[in-house]
>>> print(open('entry.txt').read())   # compact mmCIF, C-alpha atoms
# COMPACT_ATOMS: atom_id res chain seq x y z
CA MET G 1 68.52 69.30 136.08
CA GLY G 2 71.68 68.64 134.03
CA ILE G 3 73.40 65.30 133.70
CA ARG G 4 75.64 64.49 136.67
CA VAL G 5 78.98 63.53 135.17
CA LYS G 6 81.17 60.96 136.91
CA ARG G 7 84.81 61.06 135.87
CA THR G 8 86.43 57.80 134.74
CA GLU G 9 90.12 57.90 135.61
CA PHE G 10 92.81 56.76 133.15
CA THR G 11 94.80 54.29 135.28
CA ARG G 12 98.31 52.81 135.05
CA GLU G 13 96.81 49.50 133.88
CA MET G 14 95.06 51.29 131.01
CA LYS G 15 98.36 52.69 129.73
CA GLU G 16 99.46 49.20 128.70
CA ASP G 17 96.71 48.38 126.20
CA TYR G 18 94.47 51.42 125.70
CA THR G 19 94.48 53.50 122.52
CA ILE G 20 94.37 57.25 123.21
CA LEU G 21 92.46 59.21 120.57
CA CYS G 22 93.34 62.87 120.04
CA PRO G 23 91.43 65.34 117.82
CA ASP G 24 93.40 66.70 114.89
CA MET G 25 94.23 70.40 114.71
CA ALA G 26 97.62 71.23 113.17
CA PRO G 27 98.37 68.16 110.99
CA ILE G 28 102.17 68.57 110.77
CA HIS G 29 102.66 69.38 114.44
CA PHE G 30 100.28 66.71 115.68
CA SER G 31 101.92 64.05 113.51
CA LEU G 32 105.17 64.81 115.34
CA LEU G 33 103.46 64.93 118.76
CA GLU G 34 101.91 61.53 118.05
CA LYS G 35 105.42 60.10 117.62
CA VAL G 36 106.61 61.75 120.84
CA PHE G 37 103.71 60.28 122.86
CA ARG G 38 104.32 56.83 121.38
CA ASN G 39 108.01 57.19 122.23
CA PHE G 40 107.02 57.51 125.90
CA GLY G 41 104.70 54.50 125.94
CA TYR G 42 101.33 56.07 125.08
CA ASN G 43 99.51 54.48 122.15
CA MET G 44 98.20 57.79 120.81
CA THR G 45 96.35 58.16 117.51
CA VAL G 46 95.53 61.56 115.97
CA LEU G 47 92.08 61.34 114.41
CA LYS G 48 91.70 61.97 110.67
CA ASN G 49 87.97 61.29 110.22
CA THR G 50 86.14 64.16 108.51
CA GLY G 51 82.88 64.72 106.64
CA PRO G 52 79.27 65.59 107.50
CA SER G 53 79.01 62.86 110.13
CA VAL G 54 81.49 64.74 112.35
CA VAL G 55 79.32 67.87 112.36
CA ASP G 56 76.16 65.75 112.75
CA GLN G 57 77.53 64.04 115.87
CA GLY G 58 78.57 67.39 117.31
CA LEU G 59 75.13 68.90 116.74
CA ARG G 60 73.40 65.79 118.10
CA ASN G 61 75.40 65.54 121.33
CA VAL G 62 76.38 69.13 122.18
CA HIS G 63 74.18 72.17 122.80
CA ASN G 64 73.84 74.14 119.57
CA ASP G 65 75.02 77.37 121.24
CA THR G 66 78.41 75.79 121.86
CA CYS G 67 81.33 77.31 119.97
CA TYR G 68 82.10 75.70 116.62
CA PRO G 69 85.57 74.31 117.57
CA ALA G 70 84.07 72.45 120.55
CA LEU G 71 81.30 71.07 118.37
CA LEU G 72 83.84 69.75 115.83
CA VAL G 73 86.29 68.33 118.37
CA ILE G 74 83.57 66.47 120.27
CA GLY G 75 81.85 65.43 117.04
CA GLN G 76 85.09 64.02 115.64
CA MET G 77 85.68 61.94 118.76
CA ILE G 78 82.17 60.49 118.93
CA ASP G 79 82.20 59.84 115.18
CA ALA G 80 85.45 57.88 115.64
CA LEU G 81 83.92 55.82 118.46
CA ASN G 82 80.93 55.07 116.22
CA SER G 83 83.14 53.99 113.33
CA GLY G 84 83.87 50.49 114.69
CA GLU G 85 87.63 51.00 114.15
CA TYR G 86 88.34 51.11 117.88
CA ASP G 87 87.54 48.83 120.82
CA THR G 88 85.39 51.16 122.91
CA GLU G 89 86.26 49.10 126.00
CA ARG G 90 89.95 49.88 125.47
CA VAL G 91 90.01 53.45 124.28
CA ALA G 92 90.54 56.83 125.96
CA LEU G 93 90.21 60.38 124.71
CA LEU G 94 92.75 63.18 125.14
CA ILE G 95 91.77 66.85 125.11
CA THR G 96 93.53 70.07 126.13
CA GLN G 97 92.15 72.20 128.94
CA THR G 98 93.32 75.82 129.14
CA GLY G 99 91.90 76.92 132.47
CA GLY G 100 91.41 80.46 131.16
CA GLY G 101 88.32 82.51 130.36
CA CYS G 102 87.86 80.83 126.99
CA ARG G 103 85.04 78.33 126.51
CA ALA G 104 87.78 75.77 125.78
CA SER G 105 88.18 75.40 129.55
CA ASN G 106 84.79 73.69 129.53
CA TYR G 107 85.37 71.38 126.54
CA ILE G 108 86.27 68.49 128.80
CA HIS G 109 83.00 68.73 130.76
CA LEU G 110 80.98 69.11 127.55
CA LEU G 111 82.76 66.07 126.13
CA ARG G 112 81.95 63.90 129.15
CA LYS G 113 78.27 64.86 129.02
CA ALA G 114 78.22 64.16 125.27
CA LEU G 115 79.82 60.73 125.79
CA ILE G 116 77.13 59.74 128.29
CA LYS G 117 74.45 60.92 125.88
CA ALA G 118 76.03 58.93 123.03
CA GLY G 119 76.36 55.78 125.17
CA TYR G 120 80.11 55.95 125.87
CA GLY G 121 80.10 57.02 129.50
CA ASN G 122 82.73 54.36 130.31
CA VAL G 123 85.40 56.00 128.09
CA PRO G 124 88.08 57.85 130.12
CA VAL G 125 88.82 61.45 129.15
CA ILE G 126 92.36 62.70 129.81
CA SER G 127 92.86 66.41 130.44
CA LEU G 128 96.12 67.77 129.03
CA ASN G 129 96.71 70.97 130.99
CA ALA G 130 99.52 72.95 132.58
CA GLY G 131 97.62 73.94 135.71
CA GLY G 132 97.17 70.60 137.45
CA MET G 133 93.37 70.84 137.13
CA GLU G 134 92.94 67.10 136.67
CA LYS G 135 95.31 64.20 137.22
CA ASN G 136 95.26 60.58 136.06
CA SER G 137 97.48 57.92 137.59
CA GLY G 138 98.11 56.41 134.14
CA PHE G 139 99.04 59.65 132.38
CA ARG G 140 101.95 61.87 133.32
CA VAL G 141 103.99 64.26 131.20
CA SER G 142 107.60 63.88 132.31
CA PHE G 143 110.21 66.62 131.81
CA PRO G 144 111.95 64.77 128.93
CA MET G 145 108.55 64.22 127.29
CA LEU G 146 107.73 67.91 127.70
CA LYS G 147 111.04 68.94 126.12
CA GLN G 148 110.48 66.64 123.16
CA SER G 149 106.94 67.97 122.78
CA MET G 150 108.17 71.57 122.67
CA ALA G 151 110.85 70.58 120.16
CA SER G 152 108.21 68.88 118.00
CA LEU G 153 106.21 72.12 117.91
CA ILE G 154 109.16 74.20 116.74
CA TYR G 155 110.06 71.56 114.11
CA GLY G 156 106.40 71.62 113.08
CA ASP G 157 106.50 75.41 112.67
CA LEU G 158 109.63 75.13 110.52
CA LEU G 159 108.23 72.37 108.30
CA MET G 160 104.90 74.16 107.86
CA LEU G 161 106.62 77.41 106.92
CA LEU G 162 109.02 75.84 104.40
CA TYR G 163 106.32 73.63 102.88
CA ASN G 164 103.95 76.56 102.37
CA GLN G 165 106.70 78.65 100.77
CA THR G 166 107.87 75.86 98.46
CA ARG G 167 104.73 74.05 97.32
CA PRO G 168 103.26 76.89 95.18
CA TYR G 169 106.46 77.12 93.11
CA GLU G 170 107.55 73.47 92.78
CA LYS G 171 108.29 72.30 89.24
CA VAL G 172 107.52 68.68 90.05
CA GLN G 173 104.08 68.45 91.64
CA GLY G 174 104.08 66.63 94.98
CA GLU G 175 107.81 66.93 95.61
CA SER G 176 107.36 69.31 98.56
CA ARG G 177 104.82 66.95 100.18
CA LYS G 178 107.15 64.01 99.69
CA ASN G 179 109.97 65.93 101.37
CA LEU G 180 107.68 66.97 104.23
CA ASP G 181 106.52 63.39 104.87
CA SER G 182 110.10 62.11 104.85
CA TRP G 183 111.08 64.66 107.50
CA ILE G 184 108.11 63.76 109.73
CA ASP G 185 109.29 60.11 109.62
CA ARG G 186 112.93 61.10 110.13
CA LEU G 187 112.15 63.31 113.12
CA GLY G 188 110.15 60.47 114.67
CA GLU G 189 113.28 58.32 114.53
CA GLU G 190 115.39 61.16 115.92
CA PHE G 191 113.00 61.58 118.85
CA GLN G 192 113.55 57.95 119.78
CA SER G 193 117.29 58.58 119.97
CA GLY G 194 116.83 61.74 122.07
CA ARG G 195 119.12 63.72 119.77
CA THR G 196 116.52 66.27 118.68
CA ILE G 197 116.23 68.44 121.80
CA ARG G 198 119.82 69.65 122.37
CA GLN G 199 120.47 73.04 120.80
CA ARG G 200 123.53 71.98 118.79
CA GLU G 201 121.73 69.00 117.25
CA MET G 202 118.59 71.09 116.60
CA LYS G 203 120.64 73.76 114.84
CA ALA G 204 122.29 71.20 112.55
CA LEU G 205 119.04 69.38 111.84
CA MET G 206 117.15 72.58 111.05
CA LYS G 207 119.87 73.65 108.65
CA GLU G 208 119.50 70.29 106.90
CA ILE G 209 115.71 70.70 106.72
CA VAL G 210 116.01 74.17 105.16
CA LEU G 211 118.54 72.95 102.59
CA SER G 212 116.31 70.01 101.63
CA PHE G 213 113.47 72.38 100.73
CA ASP G 214 115.89 74.76 99.04
CA ARG G 215 117.01 71.98 96.68
CA ILE G 216 113.48 71.51 95.32
CA GLU G 217 113.33 72.98 91.81
CA ARG G 218 111.12 76.06 91.61
CA GLU G 219 109.37 78.13 89.00
CA GLU G 220 110.19 81.77 89.61
CA LYS G 221 106.89 83.61 89.30
CA SER G 222 104.87 86.14 91.29
CA LYS G 223 101.89 84.92 93.29
CA VAL G 224 99.35 86.53 95.57
CA LYS G 225 100.55 86.12 99.15
CA VAL G 226 97.86 85.36 101.73
CA GLY G 227 98.15 85.15 105.51
CA VAL G 228 95.76 83.12 107.69
CA VAL G 229 95.00 84.08 111.29
CA GLY G 230 92.13 83.54 113.71
CA GLU G 231 90.93 81.29 116.52
CA ILE G 232 93.61 78.66 117.16
CA TYR G 233 91.61 75.58 116.11
CA VAL G 234 89.88 76.99 113.03
CA LYS G 235 93.10 78.70 111.94
CA PHE G 236 95.01 75.40 111.69
CA SER G 237 92.37 72.71 111.24
CA SER G 238 91.27 71.86 107.70
CA LEU G 239 88.15 70.32 109.28
CA GLY G 240 87.36 73.63 110.95
CA ASN G 241 88.14 75.96 108.04
CA ASN G 242 86.82 73.83 105.16
CA GLN G 243 90.31 73.10 103.82
CA LEU G 244 91.17 76.78 103.52
CA GLU G 245 94.86 76.24 102.68
CA GLU G 246 93.99 73.80 99.89
CA PHE G 247 91.48 76.28 98.48
CA LEU G 248 94.05 79.09 98.50
CA HIS G 249 96.57 76.79 96.82
CA ARG G 250 94.06 76.01 94.05
CA GLU G 251 93.60 79.77 93.66
CA ASP G 252 97.35 79.99 92.89
CA CYS G 253 98.33 81.70 96.16
CA GLU G 254 101.26 81.39 98.51
CA VAL G 255 100.01 80.93 102.09
CA MET G 256 101.60 81.98 105.37
CA VAL G 257 100.16 80.60 108.63
CA PRO G 258 101.85 81.95 111.80
CA GLY G 259 103.29 79.10 113.86
CA LEU G 260 101.86 77.25 116.85
CA MET G 261 104.82 78.15 119.08
CA GLY G 262 103.72 81.79 118.99
CA PHE G 263 100.42 80.82 120.63
CA ILE G 264 102.22 78.75 123.29
CA MET G 265 104.52 81.69 124.10
CA TYR G 266 101.52 84.04 124.14
CA THR G 267 99.75 81.97 126.80
CA VAL G 268 102.94 81.87 128.90
CA GLU G 269 103.63 85.60 128.43
CA ASN G 270 100.17 86.44 129.73
CA GLY G 271 101.32 85.20 133.14
CA VAL G 272 103.99 87.92 133.09
CA ILE G 273 101.57 90.57 131.78
CA ASP G 274 99.03 89.74 134.52
CA GLN G 275 101.59 90.53 137.22
CA GLN G 276 102.66 93.76 135.50
CA LEU G 277 99.12 95.06 134.97
CA TYR G 278 97.19 93.70 137.92
CA GLY G 279 99.73 92.60 140.52
CA GLY G 280 99.53 89.08 141.88
CA LYS G 281 102.17 86.41 142.35
CA PHE G 282 105.59 87.85 141.48
CA TRP G 283 107.42 84.50 141.51
CA ARG G 284 104.88 82.98 139.15
CA SER G 285 105.66 85.73 136.64
CA VAL G 286 109.38 85.06 137.08
CA VAL G 287 108.87 81.37 136.27
CA MET G 288 106.74 82.26 133.24
CA ASP G 289 109.43 84.64 132.01
CA ARG G 290 112.08 81.90 132.35
CA VAL G 291 109.89 79.47 130.42
CA ASN G 292 109.49 81.94 127.58
CA ARG G 293 113.22 82.57 127.50
CA TYR G 294 113.73 78.85 126.94
CA LEU G 295 111.03 78.73 124.26
CA GLY G 296 112.48 81.89 122.73
CA GLY G 297 115.81 80.09 122.39
CA LEU G 298 114.13 77.29 120.43
CA GLU G 299 112.32 79.87 118.31
CA ASN G 300 115.54 81.78 117.61
CA THR G 301 117.30 78.59 116.46
CA MET G 302 114.53 78.06 113.90
CA ILE G 303 114.47 81.70 112.77
CA GLN G 304 118.23 81.80 112.24
CA ALA G 305 118.12 78.58 110.19
CA VAL G 306 115.55 80.17 107.85
CA ARG G 307 117.21 83.59 107.68
CA LYS G 308 120.45 82.08 106.39
CA ASN G 309 118.61 81.14 103.20
CA SER G 310 117.37 84.21 101.32
CA ARG G 311 114.83 82.15 99.36
CA PHE G 312 112.55 81.84 102.41
CA THR G 313 110.77 84.45 104.54
CA ALA G 314 111.52 83.93 108.24
CA PRO G 315 109.01 84.79 110.98
CA SER G 316 109.77 87.52 113.52
CA PRO G 317 110.78 86.69 117.11
CA PHE G 318 107.92 86.59 119.60
CA LYS G 319 109.20 89.65 121.48
CA HIS G 320 109.07 91.69 118.27
CA LEU G 321 105.59 90.33 117.57
CA LYS G 322 104.44 91.58 120.97
CA SER G 323 105.76 95.10 120.27
CA LEU G 324 103.78 95.39 117.02
CA VAL G 325 100.44 95.94 118.82
CA ASP G 326 101.47 99.02 120.81
CA ASP G 327 99.28 101.29 118.65
CA VAL G 328 96.59 98.69 117.92
CA ILE G 329 95.33 97.11 121.14
CA GLY G 330 96.24 96.84 124.82
CA LEU G 331 98.11 93.83 126.21
CA GLY G 332 95.37 93.42 128.81
CA CYS G 333 93.15 92.04 126.03
CA LYS G 334 94.06 88.37 126.41
CA MET G 335 90.91 86.25 126.26
CA GLY G 336 91.12 83.67 123.49
CA GLU G 337 93.77 84.79 121.00
CA GLY G 338 93.66 88.31 122.47
CA TRP G 339 96.41 90.70 121.40
CA LEU G 340 98.26 87.89 119.57
CA LEU G 341 95.78 87.88 116.68
CA PRO G 342 96.29 91.55 115.67
CA ALA G 343 100.03 91.13 116.31
CA GLU G 344 100.11 88.30 113.76
CA MET G 345 98.18 90.46 111.27
CA MET G 346 100.66 93.31 111.72
CA GLU G 347 103.60 90.97 111.16
CA LEU G 348 102.06 89.40 108.07
CA VAL G 349 101.55 92.80 106.45
CA SER G 350 105.15 93.80 107.26
CA LYS G 351 106.42 90.57 105.65
CA GLY G 352 104.53 91.16 102.40
CA TYR G 353 101.47 89.02 103.20
CA GLU G 354 99.08 91.97 103.20
CA ASN G 355 96.09 89.86 102.09
CA ILE G 356 94.73 88.25 105.25
CA VAL G 357 91.91 85.81 105.99
CA VAL G 358 90.66 86.02 109.60
CA THR G 359 88.95 82.75 110.53
CA GLN G 360 86.06 83.50 112.90
CA PRO G 361 84.25 80.50 114.45
CA PHE G 362 80.70 80.73 115.76
CA GLY G 363 80.50 81.27 119.50
CA CYS G 364 84.00 82.71 119.98
CA LEU G 365 83.24 86.23 121.15
CA PRO G 366 86.87 87.22 121.99
CA ASN G 367 88.04 86.17 118.53
CA HIS G 368 85.35 88.25 116.82
CA ILE G 369 86.31 91.29 118.89
CA VAL G 370 90.07 91.11 118.29
CA GLY G 371 89.62 89.85 114.72
CA LYS G 372 87.05 92.26 113.29
CA GLY G 373 87.41 95.01 115.87
CA VAL G 374 91.06 95.86 115.16
CA VAL G 375 90.86 95.94 111.33
CA ALA G 376 90.36 99.72 111.26
CA ASN G 377 93.39 100.29 113.50
CA ILE G 378 95.57 98.04 111.36
CA LYS G 379 94.46 99.75 108.14
CA ARG G 380 95.22 103.12 109.71
CA ILE G 381 98.83 101.99 110.15
CA HIS G 382 98.99 99.85 106.97
CA PRO G 383 96.53 101.26 104.40
CA MET G 384 97.49 98.54 101.90
CA ALA G 385 96.21 95.78 104.20
CA ASN G 386 93.50 93.68 102.50
CA ILE G 387 91.70 91.88 105.35
CA VAL G 388 88.58 89.70 105.17
CA PRO G 389 86.98 88.06 108.26
CA ILE G 390 85.25 84.75 107.40
CA ASP G 391 82.66 83.14 109.69
CA TYR G 392 82.77 79.36 110.20
CA ASP G 393 79.81 77.56 111.73
CA PRO G 394 77.51 74.60 110.94
CA GLY G 395 75.11 76.84 109.03
CA ALA G 396 77.66 78.70 106.91
CA THR G 397 78.00 77.36 103.38
CA ARG G 398 81.41 76.63 101.95
CA VAL G 399 80.45 78.35 98.68
CA ASN G 400 79.65 81.60 100.48
CA GLN G 401 82.93 81.47 102.42
CA GLU G 402 84.99 80.84 99.29
CA ASN G 403 83.17 83.54 97.31
CA ARG G 404 84.02 86.12 99.95
CA ILE G 405 87.68 85.06 99.83
CA LYS G 406 87.64 85.24 96.02
CA LEU G 407 86.50 88.87 96.25
CA MET G 408 89.48 89.61 98.49
CA LEU G 409 91.79 87.78 96.04
CA SER G 410 90.45 89.76 93.07
CA VAL G 411 91.56 92.97 94.80
CA ALA G 412 94.92 91.37 95.60
CA ARG G 413 95.45 90.32 91.96
CA GLU G 414 94.68 93.82 90.72
CA LYS G 415 97.35 95.19 93.03
CA LEU G 416 99.81 92.50 91.90
CA ASP G 417 99.13 93.32 88.22
CA ASP G 418 99.71 97.01 88.94
CA VAL G 419 103.04 96.20 90.58
CA LYS G 420 104.07 94.07 87.57
CA SER G 421 102.97 96.79 85.13
CA ASN G 422 104.89 99.49 86.98
CA ALA G 423 107.97 97.26 87.09
CA VAL G 424 107.80 96.70 83.30
CA ASP G 425 107.37 100.45 82.72
CA ARG G 426 110.44 101.19 84.84
CA ILE G 427 112.50 98.60 82.96
CA GLU G 428 111.42 99.96 79.57
CA THR G 429 112.19 103.53 80.66
CA THR G 430 115.62 102.47 81.88
CA ILE G 431 116.36 100.70 78.58
CA LYS G 432 115.29 103.77 76.55
CA GLU G 433 117.42 106.09 78.66
CA SER G 434 120.41 103.76 78.35
CA SER G 435 119.94 103.53 74.60
CA ARG G 436 119.74 107.32 74.24
CA ASP G 437 122.80 107.88 76.38
CA SER G 438 124.78 105.34 74.33
CA GLN G 439 124.13 107.10 70.96
CA PRO G 440 127.40 108.14 69.29
CA VAL G 441 128.14 111.86 69.35
CA LYS G 442 128.20 113.43 65.86
CA MET G 443 131.32 115.41 65.08
CA ILE G 444 130.77 118.82 63.45
>>> encode(input="entry.txt", output="structure tokens")
Amino acid sequence: MGIRVKRTEFTREMKEDYTILCPDMAPIHFSLLEKVFRNFGYNMTVLKNTGPSVVDQGLRNVHNDTCYPALLVIGQMIDALNSGEYDTERVALLITQTGGGCRASNYIHLLRKALIKAGYGNVPVISLNAGGMEKNSGFRVSFPMLKQSMASLIYGDLLMLLYNQTRPYEKVQGESRKNLDSWIDRLGEEFQSGRTIRQREMKALMKEIVLSFDRIEREEKSKVKVGVVGEIYVKFSSLGNNQLEEFLHREDCEVMVPGLMGFIMYTVENGVIDQQLYGGKFWRSVVMDRVNRYLGGLENTMIQAVRKNSRFTAPSPFKHLKSLVDDVIGLGCKMGEGWLLPAEMMELVSKGYENIVVTQPFGCLPNHIVGKGVVANIKRIHPMANIVPIDYDPGATRVNQENRIKLMLSVAREKLDDVKSNAVDRIETTIKESSRDSQPVKMI
């Protein structure tokens, strides 16, 4: 028989002096979310512990057939509790719970079993979910807190996009990171004032953010452009993807990672698609559509701020993203990242990021299907697409992963060299033709 798990509730009294630990996923976004939670009285800390001990704790306390993201998230939490940095009598854990067909719906139950096994059965686990699956008297997301959280995600998308498009070209090393960190601190202060969620203030602030990155001195040179897609955790988390973005930066690439808001809108949009394809609750689909209209307004404010500066490549609106998969996959495919993953690949290719790494974690069957399974369809539409799926699991070696990516990059560099060579040939031909046309005519 399995372990019978008794849930420890997070109470109002705990809110006063408990530290809430949250696993790290998207570092920029979660740094902003941490400030939002603290602004509303929750002493939240986003975990930064990494290394072999995280994987070891995951393997020791979770079944080895569990998907890799769950293993890392649970391993990171238990490793933090073992570190001695936190009072285990005054600490709680926060984890998202989707409620869908993904294994992530069961993370919270796996985590509670793992805590009992590791000797921390007294630690409360808070479920962050939109479906009311679990409630805690000491944890409630108010409407103002929700609005600030959504704003923090769109600011996170903007900062991530600008940072990734500036860092590879900066003349002064570290200047982009310094600017990014200053904006994370500044936005934290703005959240306290409540000025960051009204559209007029967001528009002005986003314009200021774009200009601050635009002022960073750049070296104008061509680089291989690489997009990163995949399962939501491994796509964003450096712990999950073995610091993929840093590796690509060392390989002299410019990286594009589609934003987190797209995934949020995808999960909401699926409520509308369900009603259209299968019937069900009409009014639920109406509410979902209204929510996405609001989120689409935030997204549009960010896109317009980027588009006004020709130096940066702006993402496409979510509605356009959705339309890109018409000839690739059906919208009924919505387990895990579902139709969103091929939609992101299609957009990346159209934006010039035709070299794509698909992060595939062990145990995520939907992600393998929509990641590897649609490559042929995408290449049929975009023959120049250069796509490589990379498996991430406890047994996969980092060297093997990076070698496979290097093979993809070697093809990308050959294409880039051909483009440069053709451009030089065209310039030389133009100069020769101009020179010939400008020769003086001899009089007979």
>>> closest_residue(input="entry.txt", among="G:Leu153, G:Val210, G:Val234, G:Met14", to="Val73 (chain G)", atoms="only C-alpha atoms")
G:Val234
>>> residues_around(input="entry.txt", residues="Cys364 (chain G)", least_positions_apart="6", cutoff="12 Å", atoms="all atoms listed in the file", output="list in words")
Asp65, Thr66, Cys67, Tyr68, Pro69, Ala70, Gly101, Cys102, Arg103, Ala104, Gly230, Glu231, Ile232, Tyr233, Val234, Met335, Gly336, Glu337, Gly338, Val370, Gly371, Asp391, Tyr392 and Asp393 of chain G
>>> write_last_selection(input="entry.txt", atoms="C-alpha atoms", output="tab-separated table (two decimals), in the frame of the given file")
chain	number	residue	atom	x	y	z
G	65	ASP	CA	75.02	77.37	121.24
G	66	THR	CA	78.41	75.79	121.86
G	67	CYS	CA	81.33	77.31	119.97
G	68	TYR	CA	82.10	75.70	116.62
G	69	PRO	CA	85.57	74.31	117.57
G	70	ALA	CA	84.07	72.45	120.55
G	101	GLY	CA	88.32	82.51	130.36
G	102	CYS	CA	87.86	80.83	126.99
G	103	ARG	CA	85.04	78.33	126.51
G	104	ALA	CA	87.78	75.77	125.78
G	230	GLY	CA	92.13	83.54	113.71
G	231	GLU	CA	90.93	81.29	116.52
G	232	ILE	CA	93.61	78.66	117.16
G	233	TYR	CA	91.61	75.58	116.11
G	234	VAL	CA	89.88	76.99	113.03
G	335	MET	CA	90.91	86.25	126.26
G	336	GLY	CA	91.12	83.67	123.49
G	337	GLU	CA	93.77	84.79	121.00
G	338	GLY	CA	93.66	88.31	122.47
G	370	VAL	CA	90.07	91.11	118.29
G	371	GLY	CA	89.62	89.85	114.72
G	391	ASP	CA	82.66	83.14	109.69
G	392	TYR	CA	82.77	79.36	110.20
G	393	ASP	CA	79.81	77.56	111.73
>>> atom_distance(input="entry.txt", atom1="CA of Lys15 (chain G)", atom2="CA of Gly138 (chain G)")
5.8 Å
>>> atom_distance(input="entry.txt", atom1="CA of Gly227 (chain G)", atom2="CA of Pro366 (chain G)")
20.1 Å
>>> residues_around(input="entry.txt", residues="Lys372 (chain G)", least_positions_apart="2", cutoff="9 Å", atoms="all atoms listed in the file", output="ChimeraX atom specification")
/G:358,360,367-370,374-376,388-389
>>> residues_around(input="entry.txt", residues="Leu111 (chain G)", least_positions_apart="2", cutoff="12 Å", atoms="all atoms listed in the file", output="MDAnalysis selection string")
chainID G and resid 5 7 57:58 61:63 66 70:78 93:97 104:109 113:118 120:121 123:127
>>> atom_distance(input="entry.txt", atom1="CA of Val411 (chain G)", atom2="CA of Lys171 (chain G)")
27.2 Å
>>> residues_around(input="entry.txt", residues="region 258-272 of chain G", least_positions_apart="2", cutoff="8 Å", atoms="only C-alpha atoms", output="list in words")
Leu153, Ile154, Asp157, Met160, Leu161, Gly227, Val228, Val229, Ile232, Met256, Asp274, Gln275, Gln276, Arg284, Ser285, Val286, Met288, Asp289, Val291, Asn292, Leu295, Glu299, Pro315, Phe318, Lys334, Glu337, Leu340 and Glu344 of chain G
>>> closest_residue(input="entry.txt", among="G:Glu89, G:Ala385, G:Ile390, G:Asp214", to="Lys415 (chain G)", atoms="all atoms listed in the file")
G:Ala385
>>> closest_residue(input="entry.txt", among="G:Asn386, G:Asn122, G:Ser137, G:Ser149", to="Phe10 (chain G)", atoms="only C-alpha atoms")
G:Ser137
>>> closest_residue(input="entry.txt", among="G:Thr8, G:Gln401, G:Asn355, G:Gln173", to="Glu217 (chain G)", atoms="all atoms listed in the file")
G:Gln173
>>> closest_residue(input="entry.txt", among="G:Gly240, G:Gly297, G:Gly332, G:Pro383", to="Gly51 (chain G)", atoms="all atoms listed in the file")
G:Gly240
>>> closest_residue(input="entry.txt", among="G:Arg413, G:Ile405, G:Leu324, G:Ala314", to="Ile381 (chain G)", atoms="only C-alpha atoms")
G:Leu324
